[in-house]
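Everything on this sheet refers to the single structure shown next.
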Amino acid sequence: MSPRTRRIAQIAFGLAVTAVFVWLIARKVDLGQMRAAFAHLRLGVAAWGLLALAAAYAVRIRRWQRMLAALGAGVTYLATARAFLSGTAINNVVPLRAGDAARVVLIARHSDFPMSRVLSSLIVERLLDVCVLLILLFAMLLLMPAHTLPGWMMRSSEWLMGIAVTAAIAILAGPKPAMRLIERFVTPVSPKIGAVVHNIASAFADLARPALMAELFAYSVVSWGLEGLLYVAFVAAAQGREPVAAGFTTFALGTLSTLIPSGPGFVGTFDMFAIIALQIFAIGANTAAVIAVSIHATLWVVTTAAGACFLVLGRSLFASKTKAG
């Protein structure tokens, strides 16, 4: 199968997944009752969540800048923000996580830094995010009364937690042995591939320092905690039960659902799992759908608009290549 055919197949599969989840949601809700539920949404309360969302992204951008600095790529906070938000916006409208590739290219070109080392920072970023989200979800699930949760949810979270922790240990604890294996087996066969993989493994070694990982983990906890407040605000705006517990559980499960391959913007997958999480707290399907769709629309509009502004107006941010502080 050619690369072009493979990409088309991946896009088609993602769109099919989106269509299935949208169909499942449509079966659960009544549009008339959703409109009535939206009319009762207290938008003034929900608006407070936007402040938390802005703060969350500010912290997340700082975390990436800290990783890049540890790898030796000195970039300003604004340049990091441009690449980060531009990539997020592209992910919202283009399939196959094209925004992640855009982030790598923007930073590599700006700092004259190897793309493979920039890519390693994204891999570590994803591992940190998944671990923090799983810890949060697991904590929320354990705090709930027995027999209130679907069995599949507990089993899935346990498996995902195990996989994430194993992957984190393998990547962050074993880069030096990996480099020796690369030099012995890969480089003699393909020096070019060997050099790329060696760069990635070397970058993992640079990031795997305990003090740095503790700092990055703290940034992750703070940033995701702040974003979770957006969900809390919308549950409170809809006068849902237990807004803090419902908000953070919905946040963790909905965000983790974006790991499922789907169409641009994670339409359908995010909304379906967010609705499932909200219904655990006895929130009706129509109100849950209003909350989920409103949160999703807010995330999409705000991050896409911010990224678009940086893409169109942010070129001057790359004029000065000052070292990151």
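Here, A, B, ... name the chains of the structure tokens in the order displayed, residue numbers run from 1 inside each chain, and ligands are numbered from 1 in the same displayed order.
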
Proximity of segment 212-279 of chain A to segment 47-71 of chain A: per-residue shortest pair, 12 Å limit, only C-alpha atoms, as CSV:
residue,atom,partner,partner_atom,distance
A:Leu212,CA,A:Ala70,CA,8.4
A:Met213,CA,A:Met67,CA,9.5
A:Ala214,CA,A:Arg63,CA,11.5
A:Glu215,CA,A:Arg63,CA,8.6
A:Leu216,CA,A:Arg63,CA,6.2
A:Phe217,CA,A:Arg63,CA,9.0
A:Ala218,CA,A:Arg63,CA,9.2
A:Tyr219,CA,A:Arg63,CA,6.0
A:Ser220,CA,A:Arg60,CA,7.0
A:Val221,CA,A:Arg60,CA,9.9
A:Val222,CA,A:Ala56,CA,7.4
A:Ser223,CA,A:Ala56,CA,4.3
A:Trp224,CA,A:Ala56,CA,6.5
A:Gly225,CA,A:Ala56,CA,7.7
A:Leu226,CA,A:Ala56,CA,5.1
A:Glu227,CA,A:Leu53,CA,5.0
A:Gly228,CA,A:Ala52,CA,8.2
A:Leu229,CA,A:Gly49,CA,6.0
A:Leu230,CA,A:Gly49,CA,3.9
A:Tyr231,CA,A:Gly49,CA,7.2
A:Val232,CA,A:Gly49,CA,7.7
A:Ala233,CA,A:Gly49,CA,5.4
A:Phe234,CA,A:Gly49,CA,7.4
A:Val235,CA,A:Gly49,CA,10.4
A:Ala236,CA,A:Gly49,CA,10.3
A:Ala237,CA,A:Ala47,CA,9.1
A:Gly247,CA,A:Gly49,CA,11.2

With the cut-off set at 10 Å and counting only C-alpha atoms, tabulate each residue of segment 247-312 of chain A with an atom at most that distance from an atom of segment 28-41 of chain A, showing the nearest atom pair and its distance in Å to one decimal, ordered by chain and increasing number, as CSV.
residue,atom,partner,partner_atom,distance
A:Met272,CA,A:Lys28,CA,9.8
A:Ile275,CA,A:Lys28,CA,9.7
A:Gly284,CA,A:Val29,CA,9.3
A:Ala285,CA,A:Val29,CA,6.0
A:Asn286,CA,A:Met34,CA,5.1
A:Thr287,CA,A:Ala37,CA,5.7
A:Ala288,CA,A:Met34,CA,9.0
A:Ala289,CA,A:Met34,CA,7.3
A:Val290,CA,A:Phe38,CA,6.1
A:Ile291,CA,A:Phe38,CA,8.3
A:Ser294,CA,A:Phe38,CA,8.8

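For Thr269 of chain A, the residues within 9 Å (counting only C-alpha atoms, excluding itself and residues fewer than 2 positions away along the chain) are Val17, Thr18, Val20, Phe21, Val22, Gly254, Ser257, Thr258, Ile260, Pro261, Ser262, Phe266, Val267, Asp271, Met272, Phe273 and Ala274 of chain A.
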
Export, as an mmCIF file, in the first residue's frame, the selected residues with C-alpha atoms.
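result_8.cif written:
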data_model
loop_
_atom_site.group_PDB
_atom_site.id
_atom_site.type_symbol
_atom_site.label_atom_id
_atom_site.label_comp_id
_atom_site.auth_asym_id
_atom_site.auth_seq_id
_atom_site.Cartn_x
_atom_site.Cartn_y
_atom_site.Cartn_z
ATOM 1 C CA VAL A 17 -15.432 6.411 13.631
ATOM 2 C CA THR A 18 -16.714 9.978 13.985
ATOM 3 C CA VAL A 20 -20.575 6.092 14.297
ATOM 4 C CA PHE A 21 -20.185 8.081 17.516
ATOM 5 C CA VAL A 22 -22.331 10.958 16.220
ATOM 6 C CA GLY A 254 -13.447 12.975 27.556
ATOM 7 C CA SER A 257 -11.123 9.562 24.459
ATOM 8 C CA THR A 258 -9.213 11.787 22.017
ATOM 9 C CA ILE A 260 -9.213 7.076 19.744
ATOM 10 C CA PRO A 261 -8.555 7.654 16.018
ATOM 11 C CA SER A 262 -11.324 9.856 14.635
ATOM 12 C CA PHE A 266 -12.316 14.622 17.840
ATOM 13 C CA VAL A 267 -15.993 15.192 17.033
ATOM 14 C CA ASP A 271 -18.781 14.095 23.123
ATOM 15 C CA MET A 272 -19.906 10.486 23.568
ATOM 16 C CA PHE A 273 -17.499 9.746 26.414
ATOM 17 C CA ALA A 274 -18.210 13.088 28.066
#

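The coordinates place atom CA of Ala277 of chain A at 12.9 Å from atom CA of Phe138 of chain A.
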
Q: Please report, as a PyMOL selection string, each residue of segment 163-288 of chain A to which DSSP assigns helix (DSSP H, G or I) when run on this structure's backbone.
A: chain A and resi 163-173+175-186+191-207+210-237+243-259+264-266+269-280+285-288

Compile a residue-level contact table for segment 44-107 of chain A against segment 3-16 of chain A at a cut-off of 10 Å, reporting for every qualifying residue the shortest atom pair and its distance in Å to one decimal, with only C-alpha atoms counted, rows ordered by chain and ascending number, as a tab-separated table.
residue	atom	partner	partner_atom	distance
A:Val94	CA	A:Ile11	CA	9.7
A:Pro95	CA	A:Ile11	CA	6.5
A:Leu96	CA	A:Ile11	CA	7.0

Mind running segment 253-312 of chain A against segment 106-129 of chain A at 12 Å and telling me each contacting residue's nearest atom pair with the distance in Å (one decimal), counting only C-alpha atoms, chain and number ascending, as a tab-separated table?
residue	atom	partner	partner_atom	distance
A:Thr255	CA	A:Asp129	CA	9.8
A:Leu256	CA	A:Asp129	CA	9.2
A:Thr258	CA	A:Arg126	CA	11.8
A:Leu259	CA	A:Arg126	CA	10.2
A:Phe310	CA	A:Leu106	CA	11.8
A:Leu311	CA	A:Leu106	CA	10.5

**Q.** Using only C-alpha atoms: which of A:Gln279, A:Ser2, A:Ser86, A:Thr303 has the shortest distance to Glu242 of chain A
**A.**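 Of all the options, A:Gln279 lies closest to Glu242 of chain A.
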
Q. If you measure from atom CA of Val301 of chain A to atom CA of Ile135 of chain A, what distance in Å do you get, rounded to one decimal?
A.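 So the two atoms, atom CA of Val301 of chain A and atom CA of Ile135 of chain A, lie 27.9 Å apart.
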